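**Q** Sharing model.txt, compact mmCIF, C-alpha atoms and all ligand atoms:
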```txt
# COMPACT_ATOMS: atom_id res chain seq x y z
CA MET A 17 -26.00 -16.12 0.99
CA ILE A 18 -24.18 -17.10 -2.22
CA LYS A 19 -25.32 -15.28 -5.35
CA VAL A 20 -24.22 -15.88 -8.94
CA LEU A 21 -23.95 -12.61 -10.86
CA GLN A 22 -22.39 -13.86 -14.07
CA ALA A 23 -22.09 -17.30 -15.66
CA PRO A 24 -21.94 -18.53 -19.27
CA ILE A 25 -25.29 -18.22 -21.03
CA ASP A 26 -24.30 -19.84 -24.31
CA PRO A 27 -22.69 -23.28 -24.48
CA VAL A 28 -18.95 -23.22 -23.79
CA VAL A 29 -16.50 -25.17 -25.88
CA VAL A 30 -14.27 -27.93 -24.52
CA ARG A 31 -11.00 -26.35 -23.24
CA GLN A 32 -12.47 -22.86 -23.31
CA LYS A 33 -11.82 -20.96 -20.12
CA PHE A 34 -14.94 -19.37 -18.64
CA SER A 35 -15.63 -17.61 -15.39
CA ILE A 36 -18.41 -17.50 -12.87
CA VAL A 37 -18.68 -14.36 -10.78
CA GLY A 38 -20.73 -13.90 -7.67
CA THR A 39 -21.01 -12.60 -4.15
CA THR A 40 -21.37 -13.96 -0.67
CA SER A 41 -21.52 -12.46 2.78
CA PRO A 42 -18.40 -10.35 3.47
CA GLU A 43 -17.88 -12.52 6.58
CA ASN A 44 -16.69 -15.21 4.18
CA ALA A 45 -13.79 -13.06 2.96
CA GLY A 46 -10.61 -15.11 2.67
CA LYS A 47 -12.44 -18.45 2.78
CA ALA A 48 -11.58 -21.02 0.15
CA ILE A 49 -14.16 -21.75 -2.54
CA GLY A 50 -14.95 -25.44 -2.96
CA LEU A 51 -15.92 -26.73 -6.40
CA THR A 52 -17.70 -29.99 -7.09
CA ILE A 53 -17.90 -31.15 -10.68
CA ASP A 54 -20.93 -33.22 -11.67
CA ASP A 55 -21.54 -34.17 -8.00
CA GLN A 56 -18.38 -36.25 -8.11
CA ILE A 57 -15.04 -34.56 -8.23
CA LYS A 58 -14.17 -32.05 -5.56
CA THR A 59 -11.52 -29.44 -5.98
CA SER A 60 -10.73 -26.13 -4.37
CA GLY A 61 -10.84 -22.77 -6.07
CA PRO A 62 -9.54 -19.32 -5.14
CA VAL A 63 -10.56 -17.49 -2.00
CA VAL A 64 -13.41 -15.02 -1.46
CA GLY A 65 -12.37 -11.34 -1.77
CA ALA A 66 -12.51 -8.82 1.05
CA ASP A 67 -15.93 -7.49 0.00
CA GLY A 68 -17.45 -10.97 -0.38
CA ALA A 69 -16.97 -10.93 -4.17
CA TRP A 70 -15.71 -14.14 -5.70
CA ARG A 71 -14.69 -15.34 -9.14
CA VAL A 72 -14.03 -18.87 -10.34
CA GLU A 73 -12.31 -19.66 -13.62
CA PHE A 74 -12.80 -23.10 -15.03
CA VAL A 75 -12.26 -25.25 -18.09
CA PHE A 76 -14.12 -28.43 -19.00
CA LEU A 77 -12.28 -31.12 -20.94
CA GLN A 78 -15.34 -33.23 -21.78
CA PRO A 79 -18.56 -32.13 -23.50
CA GLY A 80 -22.03 -32.66 -22.08
CA ASN A 81 -24.50 -31.08 -19.70
CA ARG A 82 -22.11 -30.46 -16.87
CA GLN A 83 -22.67 -29.11 -13.42
CA LEU A 84 -20.41 -27.02 -11.24
CA GLU A 85 -21.29 -26.69 -7.56
CA VAL A 86 -19.72 -23.68 -5.89
CA ALA A 87 -19.46 -24.03 -2.09
CA ILE A 88 -18.45 -21.32 0.35
CA ALA A 89 -18.51 -22.01 4.10
CA ASN A 90 -21.55 -24.29 4.46
CA GLU A 91 -23.59 -22.94 1.55
CA SER A 92 -23.51 -23.95 -2.06
CA VAL A 93 -25.03 -23.11 -5.41
CA ASP A 94 -25.27 -25.22 -8.58
CA VAL A 95 -24.35 -23.76 -11.95
CA PRO A 96 -25.31 -25.86 -14.96
CA ILE A 97 -22.99 -25.45 -17.95
CA GLU A 98 -23.54 -26.83 -21.41
CA VAL A 99 -20.21 -27.91 -22.89
CA VAL A 100 -19.96 -28.58 -26.61
CA ALA A 101 -17.23 -30.49 -28.40
CA GLU A 102 -16.38 -27.88 -30.99
CA ALA A 103 -16.99 -24.24 -31.47
CA VAL A 104 -20.35 -23.69 -33.06
CA LYS A 105 -19.50 -22.38 -36.48
CA PRO A 106 -19.51 -18.65 -36.16
CA ILE A 107 -22.20 -16.98 -38.14
CA ILE A 108 -20.09 -14.41 -39.89
CA SER A 109 -22.35 -11.62 -40.73
CA PRO A 110 -21.65 -9.47 -43.71
CA ARG A 111 -23.11 -6.58 -41.73
CA LEU A 112 -20.69 -6.52 -38.76
CA ARG A 113 -16.92 -6.56 -39.18
CA PHE A 114 -13.73 -5.75 -37.30
CA ALA A 115 -11.27 -3.20 -38.65
CA PRO A 116 -7.62 -4.40 -38.62
CA LEU A 117 -6.75 -5.14 -34.99
CA PRO A 118 -4.35 -2.85 -33.14
CA GLN A 119 -0.79 -4.15 -32.80
CA ASN A 120 0.86 -4.87 -29.45
CA VAL A 121 -2.14 -4.79 -27.18
CA ARG A 122 -0.82 -5.03 -23.62
CA ALA A 123 -2.51 -5.85 -20.33
CA GLU A 124 -3.22 -2.74 -18.21
CA GLU A 125 -2.99 -0.46 -21.27
CA ALA A 126 -6.13 0.98 -22.83
CA PHE A 127 -6.61 0.66 -26.59
CA ILE A 128 -9.36 1.21 -29.13
CA LEU A 129 -11.07 -1.53 -31.06
CA ARG A 130 -12.94 -0.47 -34.20
CA GLY A 131 -15.14 -2.00 -36.83
CA PHE A 132 -17.84 -1.56 -39.39
CA ALA A 133 -21.59 -1.94 -39.07
CA ASP A 134 -23.13 -1.93 -42.53
CA SER A 135 -26.79 -1.01 -42.94
CA TYR A 136 -27.29 -0.24 -39.27
CA GLN A 137 -29.18 2.81 -38.10
CA GLU A 138 -27.30 5.70 -36.59
CA GLY A 139 -27.14 5.17 -32.80
CA ASP A 140 -27.97 1.42 -32.87
CA GLN A 141 -26.40 -0.34 -29.94
CA LEU A 142 -24.07 -3.31 -30.35
CA ILE A 143 -22.52 -5.58 -27.72
CA LEU A 144 -18.80 -6.29 -27.59
CA ARG A 145 -18.04 -9.47 -25.68
CA ALA A 146 -14.94 -11.44 -24.67
CA ASP A 147 -14.67 -15.21 -24.33
CA LYS A 148 -18.43 -15.63 -24.83
CA THR A 149 -19.20 -14.39 -21.32
CA ILE A 150 -17.71 -11.05 -20.46
CA GLU A 151 -19.42 -7.95 -21.75
CA LEU A 152 -16.77 -5.37 -22.61
CA ALA A 153 -18.73 -2.47 -24.03
CA ARG A 154 -21.93 -1.42 -25.77
CA PRO A 155 -20.72 0.68 -28.66
CA ARG A 156 -23.21 2.66 -30.73
CA VAL A 157 -23.12 2.80 -34.49
CA GLN A 158 -21.95 6.11 -35.93
CA ALA A 159 -21.72 6.60 -39.68
CA GLY A 160 -21.58 2.84 -40.31
CA GLN A 161 -18.78 2.27 -37.80
CA TRP A 162 -18.41 1.28 -34.16
CA GLN A 163 -15.56 1.67 -31.71
CA ALA A 164 -14.83 1.00 -28.04
CA SER A 165 -12.00 1.76 -25.64
CA LEU A 166 -10.90 -1.41 -23.86
CA LEU A 167 -8.43 -2.49 -21.20
CA PHE A 168 -7.56 -6.05 -20.19
CA HIS A 169 -5.94 -6.95 -16.88
CA GLY A 170 -4.59 -10.34 -17.92
CA SER A 171 -2.59 -11.53 -20.91
CA GLY A 172 -3.35 -14.31 -23.38
CA LYS A 173 -5.62 -15.02 -26.34
CA ARG A 174 -9.13 -13.60 -26.08
CA LEU A 175 -12.09 -14.44 -28.28
CA ILE A 176 -13.76 -11.13 -29.13
CA GLU A 177 -17.27 -10.86 -30.59
CA ILE A 178 -19.22 -7.90 -31.84
CA ILE A 179 -22.91 -8.68 -31.65
CA GLY A 180 -25.87 -6.94 -33.25
CA SER A 181 -28.38 -9.72 -32.73
CA ASP A 182 -28.37 -13.51 -32.38
CA GLN A 183 -27.89 -13.87 -36.11
CA ASP A 184 -25.66 -10.92 -36.65
CA ARG A 185 -22.22 -11.12 -35.10
CA ALA A 186 -18.53 -11.34 -35.97
CA GLN A 187 -15.64 -12.94 -34.11
CA THR A 188 -11.92 -12.41 -33.92
CA THR A 189 -9.05 -13.44 -31.69
CA LEU A 190 -6.97 -10.86 -29.92
CA GLU A 191 -3.59 -11.65 -28.41
CA VAL A 192 -3.02 -9.59 -25.24
CA GLN A 193 0.66 -9.25 -24.31
CA PRO A 194 1.74 -9.28 -20.66
CA ALA A 195 1.80 -5.93 -18.88
CA ALA A 196 4.99 -3.91 -19.15
CA LEU A 197 7.20 -3.90 -16.10
CA GLN A 198 5.91 -1.54 -13.43
CA VAL A 199 8.37 0.03 -11.04
CA LEU A 200 7.17 2.53 -8.46
CA PRO A 201 9.40 5.57 -8.80
CA ARG A 202 11.58 6.83 -6.01
CA SER A 203 9.45 9.99 -5.81
CA ILE A 204 6.69 7.90 -4.21
CA TRP A 205 8.71 7.54 -0.98
CA THR A 206 11.16 10.45 -0.98
CA SER A 207 11.66 13.86 -2.55
CA LYS A 208 15.47 13.56 -2.27
CA PRO A 209 17.37 12.34 -5.32
CA THR A 210 20.39 10.03 -5.07
CA PRO A 211 23.23 12.51 -4.40
CA SER A 212 24.88 13.49 -7.68
CA ASP A 213 28.41 13.02 -6.29
CA VAL A 214 27.88 9.24 -6.06
CA ALA A 215 29.99 7.59 -8.79
CA ASN A 216 28.23 6.57 -11.98
CA LEU A 217 27.66 2.90 -12.69
CA GLN A 218 27.79 0.76 -15.82
CA PRO A 219 26.22 -2.40 -14.37
CA ARG A 220 28.03 -5.65 -15.16
CA ARG A 221 25.86 -8.00 -13.10
CA ILE A 222 23.00 -8.21 -10.59
CA THR A 223 23.46 -9.12 -6.94
CA MET A 224 20.41 -10.36 -5.04
CA HIS A 225 19.76 -9.58 -1.36
CA HIS A 226 17.19 -9.70 1.37
CA THR A 227 16.76 -6.55 3.44
CA PHE A 228 16.69 -8.58 6.68
CA VAL A 229 14.14 -6.14 8.11
CA SER A 230 11.60 -7.93 10.27
CA PRO A 231 8.81 -8.59 10.50
CA THR A 232 8.45 -9.39 6.80
CA LEU A 233 5.40 -7.53 5.46
CA ALA A 234 2.40 -9.58 4.36
CA PRO A 235 1.78 -9.89 0.60
CA SER A 236 -1.49 -8.04 1.32
CA ALA A 237 0.33 -5.05 2.87
CA ASN A 238 -0.74 -1.74 1.37
CA GLN A 239 1.42 0.82 -0.39
CA SER A 240 1.62 3.14 2.59
CA GLN A 241 3.09 0.35 4.73
CA GLU A 242 5.61 -0.32 1.96
CA ILE A 243 6.49 3.37 1.63
CA GLN A 244 7.05 3.38 5.38
CA ARG A 245 9.41 0.44 4.89
CA MET A 246 11.38 2.23 2.17
CA ARG A 247 11.83 5.22 4.49
CA GLN A 248 12.93 2.88 7.27
CA LEU A 249 15.55 1.35 4.96
CA TRP A 250 16.78 4.80 3.94
CA GLN A 251 17.02 5.79 7.61
CA SER A 252 19.04 2.69 8.49
CA HIS A 253 21.37 2.92 5.46
CA VAL A 254 21.88 6.68 5.52
CA GLY A 255 21.34 7.57 9.20
CA GLY A 256 22.70 4.27 10.56
CA ASN A 257 25.44 3.22 8.11
CA GLY A 258 26.31 6.71 6.95
CA TRP A 259 25.82 5.83 3.26
CA SER A 260 24.68 8.33 0.63
CA ASP A 261 21.41 6.52 -0.05
CA ILE A 262 19.73 3.12 0.23
CA GLY A 263 22.44 0.62 -0.76
CA TYR A 264 20.25 -1.28 -3.28
CA HIS A 265 18.86 -0.09 -6.58
CA TYR A 266 15.52 -1.89 -6.26
CA VAL A 267 13.44 -3.37 -3.47
CA ILE A 268 10.77 -6.01 -4.15
CA MET A 269 8.02 -6.19 -1.54
CA PRO A 270 6.10 -9.39 -0.66
CA SER A 271 3.15 -7.87 -2.57
CA GLY A 272 5.29 -8.06 -5.72
CA ARG A 273 5.46 -4.28 -6.02
CA ILE A 274 8.88 -3.06 -7.08
CA TYR A 275 10.24 0.16 -5.58
CA GLU A 276 13.03 2.18 -7.11
CA ALA A 277 15.71 2.83 -4.47
CA ARG A 278 19.13 4.22 -5.50
CA PHE A 279 19.24 5.54 -9.08
CA GLU A 280 20.15 2.71 -11.39
CA ARG A 281 23.00 4.67 -13.00
CA LYS A 282 24.70 5.34 -9.65
CA ARG A 283 27.09 2.96 -7.94
CA GLY A 284 25.37 1.06 -5.12
CA ALA A 285 26.52 0.02 -1.65
CA HIS A 286 25.50 -3.60 -1.34
CA ASP A 287 28.27 -6.12 -2.00
CA VAL A 288 31.54 -4.23 -1.43
CA ILE A 289 32.62 -4.59 -5.07
CA ASN A 290 29.49 -2.78 -6.29
CA ASP A 291 30.10 -3.30 -10.00
CA GLY A 292 26.48 -4.24 -10.56
CA LEU A 293 22.88 -3.60 -9.58
CA GLY A 294 21.59 -4.55 -6.15
CA ILE A 295 18.08 -5.95 -5.88
CA ALA A 296 16.68 -6.77 -2.44
CA PHE A 297 13.63 -8.78 -1.43
CA ASP A 298 12.18 -6.93 1.50
CA GLY A 299 11.94 -9.16 4.58
CA VAL A 300 13.86 -12.02 6.15
CA TYR A 301 14.42 -15.14 4.07
CA THR A 302 16.67 -17.26 6.23
CA SER A 303 13.95 -19.92 6.36
CA ALA A 304 10.85 -18.36 4.76
CA THR A 305 10.63 -18.38 0.96
CA ILE A 306 9.85 -15.30 -1.13
CA SER A 307 6.21 -14.90 -2.19
CA PRO A 308 5.06 -16.01 -5.66
CA ALA A 309 4.46 -12.33 -6.50
CA GLN A 310 8.04 -11.49 -5.52
CA PHE A 311 9.31 -14.27 -7.72
CA GLN A 312 7.30 -13.02 -10.73
CA SER A 313 8.45 -9.45 -10.19
CA ALA A 314 12.08 -10.49 -9.79
CA VAL A 315 11.93 -12.37 -13.09
CA ALA A 316 10.32 -9.40 -14.86
CA LEU A 317 12.75 -6.86 -13.37
CA CYS A 318 15.89 -8.95 -13.96
CA THR A 319 14.77 -9.64 -17.55
CA THR A 320 14.37 -5.93 -18.25
CA LEU A 321 17.72 -5.08 -16.62
CA CYS A 322 19.60 -7.89 -18.41
CA LYS A 323 18.23 -6.63 -21.73
CA ARG A 324 19.10 -3.05 -20.85
CA TYR A 325 22.70 -3.83 -19.91
CA GLY A 326 23.50 -6.57 -22.41
CA ILE A 327 23.60 -9.48 -19.98
CA ASP A 328 22.75 -12.20 -22.47
CA ASP A 329 23.16 -15.26 -20.25
CA PRO A 330 22.39 -14.92 -16.52
CA VAL A 331 23.18 -18.61 -15.87
CA LYS A 332 26.65 -19.01 -17.44
CA LEU A 333 29.56 -18.85 -15.00
CA VAL A 334 31.99 -16.01 -15.58
CA PRO A 335 35.10 -14.92 -13.63
CA THR A 336 33.79 -12.48 -11.03
CA PRO A 337 35.71 -10.40 -8.50
CA THR A 338 34.52 -10.92 -4.92
CA ASN A 339 35.29 -9.33 -1.60
CA ALA A 340 35.92 -12.52 0.40
CA PHE A 341 36.79 -15.24 -2.09
CA GLY A 342 39.07 -13.71 -4.73
CA ILE A 343 38.02 -14.25 -8.34
CA ARG A 344 35.20 -16.80 -8.54
CA GLN A 345 33.20 -18.39 -11.33
CA LEU A 346 29.72 -16.95 -10.78
CA PRO A 347 26.58 -16.38 -12.83
CA ARG A 348 25.75 -12.77 -13.74
CA ILE A 349 22.76 -12.92 -11.42
CA CYS A 350 24.48 -13.84 -8.17
CA ALA A 351 23.81 -13.70 -4.46
CA HIS A 352 25.38 -11.34 -1.93
CA ARG A 353 26.87 -14.37 -0.11
CA ASP A 354 28.66 -15.42 -3.32
CA ARG A 355 30.87 -12.35 -3.00
CA VAL A 356 30.94 -11.43 0.68
CA GLN A 357 31.14 -13.38 3.95
CA THR A 358 27.43 -13.06 4.81
CA GLU A 359 24.22 -15.11 5.04
CA CYS A 360 22.39 -12.68 2.74
CA PRO A 361 20.02 -13.41 0.95
CA GLY A 362 19.24 -15.98 3.61
CA SER A 363 20.18 -19.47 2.51
CA GLY A 364 22.80 -21.48 0.69
CA GLY A 365 22.54 -21.25 -3.10
CA GLY A 366 19.81 -18.62 -2.69
CA ARG A 367 17.29 -21.46 -2.21
CA THR A 368 14.78 -19.35 -0.23
CA ILE A 369 14.83 -16.57 -2.82
CA ARG A 370 14.49 -19.18 -5.63
CA LEU A 371 17.64 -17.77 -7.22
CA GLU A 372 18.33 -20.58 -9.66
CA GLU A 373 14.69 -20.55 -10.85
CA ILE A 374 14.94 -16.78 -11.35
CA ARG A 375 18.08 -17.17 -13.49
CA GLN A 376 16.51 -19.91 -15.59
CA ALA A 377 13.25 -17.97 -16.09
CA VAL A 378 15.17 -14.84 -17.10
CA ARG A 379 17.33 -16.76 -19.55
CA GLN A 380 14.18 -18.10 -21.22
CA ARG A 381 12.85 -14.58 -21.66
CA LEU A 382 15.99 -13.05 -23.13
ZN ZN A 401 22.77 -8.51 0.98
```
Go through the file and emit its structure as structure tokens.
Ligand SMILES: [Zn+2]

**A**
Amino acid sequence: MIKVLQAPIDPVVVRQKFSIVGTTSPENAGKAIGLTIDDQIKTSGPVVGADGAWRVEFVFLQPGNRQLEVAIANESVDVPIEVVAEAVKPIISPRLRFAPLPQNVRAEEAFILRGFADSYQEGDQLILRADKTIELARPRVQAGQWQASLLFHGSGKRLIEIIGSDQDRAQTTLEVQPAALQVLPRSIWTSKPTPSDVANLQPRRITMHHTFVSPTLAPSANQSQEIQRMRQLWQSHVGGNGWSDIGYHYVIMPSGRIYEARFERKRGAHDVINDGLGIAFDGVYTSATISPAQFQSAVALCTTLCKRYGIDDPVKLVPTPTNAFGIRQLPRICAHRDRVQTECPGSGGGRTIRLEEIRQAVRQRL
């Protein structure tokens, strides 16, 4: 049974992203959502969540009375959407206003939005809405002001409205910056620090690896499976190889979660020369490609590390000492196999770990 819980009530504007949220039977979890536009064009949407919840984001490029049919398994529901060519001129009320917006609002970080509500009664309730559809909060007026604590999960421009009544509302645009890099600390998988007698490191480059531990975890694996994997790596590097710690500094799981391994300021054990940081994608990538989440996390992590250690061009070739090939011209983000006689990280040119795309994406962000 498909149910729509949330859909645009007011007309949406051409090119304005809106979402439709609903539920279906949990048996449909993981099934693709089919979308049919105006009974004509079929496309496929995201998949149904584990609990049967689903969410479709859509943008219309043409105005009119449009129709979106959402189909899951063999059921469907029609959602009519009125699309207008231009934003209806906002009715800027002199009674409701925003205070200056906070600076540097980031995804996943709570912040407070404030404003003024002139000639409202104490305790009157207002509605704070995003992108015309999503209710964020219902702040109450106190001493002519309102405020709400908010948190966005995604980045981008959001249209924010404070609404007192149909005639009384104010709008503003808030730019939400991408979430800061999240690295799960070492303490999540071990209580032992990297031994202090390991030599210190001033990283000069980044060497990419795969852990070659099979089977590769699914992107949907949970944190306890990943923690298990980190302990397994530690066991094989320390118990098996007799090293002081995991050889790499960071491990990126198929889920995209990044785990701290060896302390970043300590010399690693990953490419014999060890004059840089070692980052490993957990799993086997001799033929499989890293997950999209791993790619995103690798770009974010490498960008942060390049900034931290003054690597200003991760693409440019520089003379680099190697174990097997003498001095070579290599980029500052290189592959294990560029320096050592090995298959790691799986394929020639780092194709399966999308190495060249990672370098290019990082360069753009520096
Ligand atoms: Zn390697």

**Q** Can you tell me which residues come within 10 Å of ligand ZN 401 (chain A) when counting all atoms listed in the file, ideally as a VMD selection string?

**A** chain A and resid 223 to 228 263 to 264 285 to 287 294 to 297 351 to 353 355 to 356 358 to 362

**Q** Range 199-209 of chain A: which residues within 7 Å, counting all atoms listed in the file, same-chain residues fewer than 6 positions away excluded, as a ChimeraX atom specification?

**A** /A:243,246-247,274-277

**Q** Could you pull the residues within 9 Å of range 340-350 of chain A, counting only C-alpha atoms, minus those fewer than 4 positions along the same chain, as a list in words?

**A**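 Here the answer would be Arg220, Arg221, Ile222, Thr223, Met224, Cys318, Ile327, Asp329, Pro330, Val331, Lys332, Leu333, Val334, Pro335, Thr336, Asp354, Arg355, Val356, Gln357, Gly366, Leu371, Ile374 and Arg375 of chain A.
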
**Q** What's the 6 Å shell around Ile143 in chain A, counting all atoms listed in the file, without same-chain residues fewer than 4 positions away, as a list in words?

**A**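 Answer for this query is Arg154, Ile178 and Ile179 of chain A.
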
**Q** Counting all atoms listed in the file, I want the residues whose atoms come within 12 Å of (11.3, -6.6, 7.8) in the file frame, returned as a PyMOL selection string.

**A** chain A and resi 226-234+241-242+244-246+248-249+267-270+296-301

**Q** Write to file, as a compact mmCIF listing (two decimals), keeping the file's coordinate frame, the residues of the selection just made, with C-alpha atoms.

**A**
```txt
# COMPACT_ATOMS: atom_id res chain seq x y z
CA HIS A 226 17.19 -9.70 1.37
CA THR A 227 16.76 -6.55 3.44
CA PHE A 228 16.69 -8.58 6.68
CA VAL A 229 14.14 -6.14 8.11
CA SER A 230 11.60 -7.93 10.27
CA PRO A 231 8.81 -8.59 10.50
CA THR A 232 8.45 -9.39 6.80
CA LEU A 233 5.40 -7.53 5.46
CA ALA A 234 2.40 -9.58 4.36
CA GLN A 241 3.09 0.35 4.73
CA GLU A 242 5.61 -0.32 1.96
CA GLN A 244 7.05 3.38 5.38
CA ARG A 245 9.41 0.44 4.89
CA MET A 246 11.38 2.23 2.17
CA GLN A 248 12.93 2.88 7.27
CA LEU A 249 15.55 1.35 4.96
CA VAL A 267 13.44 -3.37 -3.47
CA ILE A 268 10.77 -6.01 -4.15
CA MET A 269 8.02 -6.19 -1.54
CA PRO A 270 6.10 -9.39 -0.66
CA ALA A 296 16.68 -6.77 -2.44
CA PHE A 297 13.63 -8.78 -1.43
CA ASP A 298 12.18 -6.93 1.50
CA GLY A 299 11.94 -9.16 4.58
CA VAL A 300 13.86 -12.02 6.15
CA TYR A 301 14.42 -15.14 4.07
```

**Q** Smallest atom-to-atom distance to Ala304 in chain A: which of A:Arg324, A:His265, A:Arg185, A:Arg367, using only C-alpha atoms?

**A**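 The closest residue to Ala304 in chain A is A:Arg367.
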
**Q** Measure the distance from CA of Gly68 in chain A to CA of Asn81 in chain A in Å and round it to one decimal.

**A** 28.8 Å

**Q** Which residue is closest to Arg113 in chain A? Choose from A:Gln32, A:Thr338, A:Gln161, A:Ser236 and count all atoms listed in the file.

**A**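 Among the listed residues, A:Gln161 lies closest to Arg113 in chain A.
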
**Q** Taking only C-alpha atoms into account, which of A:Val63, A:Gln239, A:Asp291, A:Leu175 comes nearest Ala215 in chain A?

**A**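 Between A:Val63, A:Gln239, A:Asp291, A:Leu175, the residue approaching Ala215 in chain A most closely is A:Asp291.
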
**Q** Which value, in Å to one decimal, gives the distance between CA of Leu190 in chain A and CA of Pro96 in chain A?

**A**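 Here the two named atoms are 28.0 Å from each other.
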
**Q** Could you jot down the CA of Ala195 in chain A to CA of Pro235 in chain A separation for me, Å, one decimal place?

**A** 19.9 Å

**Q** Please write all heavy atoms of range 297-303 of chain A, from the structure given just now, as a PDB file, in the first residue's frame.

**A**
```pdb
ATOM      1  N   PHE A 297      41.770   1.513   0.592  1.00  0.00           N
ATOM      2  CA  PHE A 297      40.356   1.171   0.411  1.00  0.00           C
ATOM      3  C   PHE A 297      40.208  -0.246   0.924  1.00  0.00           C
ATOM      4  O   PHE A 297      40.940  -1.143   0.486  1.00  0.00           O
ATOM      5  CB  PHE A 297      39.978   1.230  -1.066  1.00  0.00           C
ATOM      6  CG  PHE A 297      39.999   2.620  -1.629  1.00  0.00           C
ATOM      7  CD1 PHE A 297      41.025   3.026  -2.460  1.00  0.00           C
ATOM      8  CD2 PHE A 297      39.000   3.521  -1.304  1.00  0.00           C
ATOM      9  CE1 PHE A 297      41.050   4.315  -2.975  1.00  0.00           C
ATOM     10  CE2 PHE A 297      39.013   4.814  -1.816  1.00  0.00           C
ATOM     11  CZ  PHE A 297      40.041   5.211  -2.656  1.00  0.00           C
ATOM     12  N   ASP A 298      39.297  -0.457   1.854  1.00  0.00           N
ATOM     13  CA  ASP A 298      39.155  -1.806   2.375  1.00  0.00           C
ATOM     14  C   ASP A 298      38.450  -2.679   1.339  1.00  0.00           C
ATOM     15  O   ASP A 298      37.422  -2.291   0.783  1.00  0.00           O
ATOM     16  CB  ASP A 298      38.371  -1.820   3.693  1.00  0.00           C
ATOM     17  CG  ASP A 298      38.373  -3.215   4.282  1.00  0.00           C
ATOM     18  OD1 ASP A 298      39.475  -3.769   4.436  1.00  0.00           O
ATOM     19  OD2 ASP A 298      37.293  -3.763   4.536  1.00  0.00           O
ATOM     20  N   GLY A 299      39.026  -3.844   1.067  1.00  0.00           N
ATOM     21  CA  GLY A 299      38.445  -4.781   0.113  1.00  0.00           C
ATOM     22  C   GLY A 299      39.446  -5.125  -0.966  1.00  0.00           C
ATOM     23  O   GLY A 299      40.623  -4.774  -0.878  1.00  0.00           O
ATOM     24  N   VAL A 300      38.945  -5.814  -1.989  1.00  0.00           N
ATOM     25  CA  VAL A 300      39.788  -6.276  -3.098  1.00  0.00           C
ATOM     26  C   VAL A 300      39.334  -5.558  -4.361  1.00  0.00           C
ATOM     27  O   VAL A 300      38.162  -5.650  -4.735  1.00  0.00           O
ATOM     28  CB  VAL A 300      39.632  -7.804  -3.272  1.00  0.00           C
ATOM     29  CG1 VAL A 300      40.476  -8.298  -4.434  1.00  0.00           C
ATOM     30  CG2 VAL A 300      40.004  -8.524  -1.987  1.00  0.00           C
ATOM     31  N   TYR A 301      40.239  -4.851  -5.001  1.00  0.00           N
ATOM     32  CA  TYR A 301      39.859  -4.078  -6.188  1.00  0.00           C
ATOM     33  C   TYR A 301      40.688  -4.461  -7.404  1.00  0.00           C
ATOM     34  O   TYR A 301      41.087  -3.602  -8.180  1.00  0.00           O
ATOM     35  CB  TYR A 301      39.909  -2.564  -5.873  1.00  0.00           C
ATOM     36  CG  TYR A 301      38.961  -2.246  -4.744  1.00  0.00           C
ATOM     37  CD1 TYR A 301      39.414  -2.135  -3.439  1.00  0.00           C
ATOM     38  CD2 TYR A 301      37.595  -2.188  -4.980  1.00  0.00           C
ATOM     39  CE1 TYR A 301      38.531  -1.946  -2.390  1.00  0.00           C
ATOM     40  CE2 TYR A 301      36.703  -2.002  -3.935  1.00  0.00           C
ATOM     41  CZ  TYR A 301      37.176  -1.877  -2.647  1.00  0.00           C
ATOM     42  OH  TYR A 301      36.294  -1.699  -1.625  1.00  0.00           O
ATOM     43  N   THR A 302      40.930  -5.762  -7.551  1.00  0.00           N
ATOM     44  CA  THR A 302      41.641  -6.198  -8.751  1.00  0.00           C
ATOM     45  C   THR A 302      40.725  -6.103  -9.964  1.00  0.00           C
ATOM     46  O   THR A 302      41.181  -5.756 -11.047  1.00  0.00           O
ATOM     47  CB  THR A 302      42.178  -7.635  -8.590  1.00  0.00           C
ATOM     48  OG1 THR A 302      41.179  -8.399  -7.926  1.00  0.00           O
ATOM     49  CG2 THR A 302      43.435  -7.671  -7.747  1.00  0.00           C
ATOM     50  N   SER A 303      39.426  -6.373  -9.775  1.00  0.00           N
ATOM     51  CA  SER A 303      38.505  -6.154 -10.896  1.00  0.00           C
ATOM     52  C   SER A 303      37.327  -5.272 -10.473  1.00  0.00           C
ATOM     53  O   SER A 303      36.862  -4.455 -11.251  1.00  0.00           O
ATOM     54  CB  SER A 303      38.006  -7.479 -11.459  1.00  0.00           C
ATOM     55  OG  SER A 303      37.456  -8.252 -10.420  1.00  0.00           O
TER      56      SER A 303
END
```
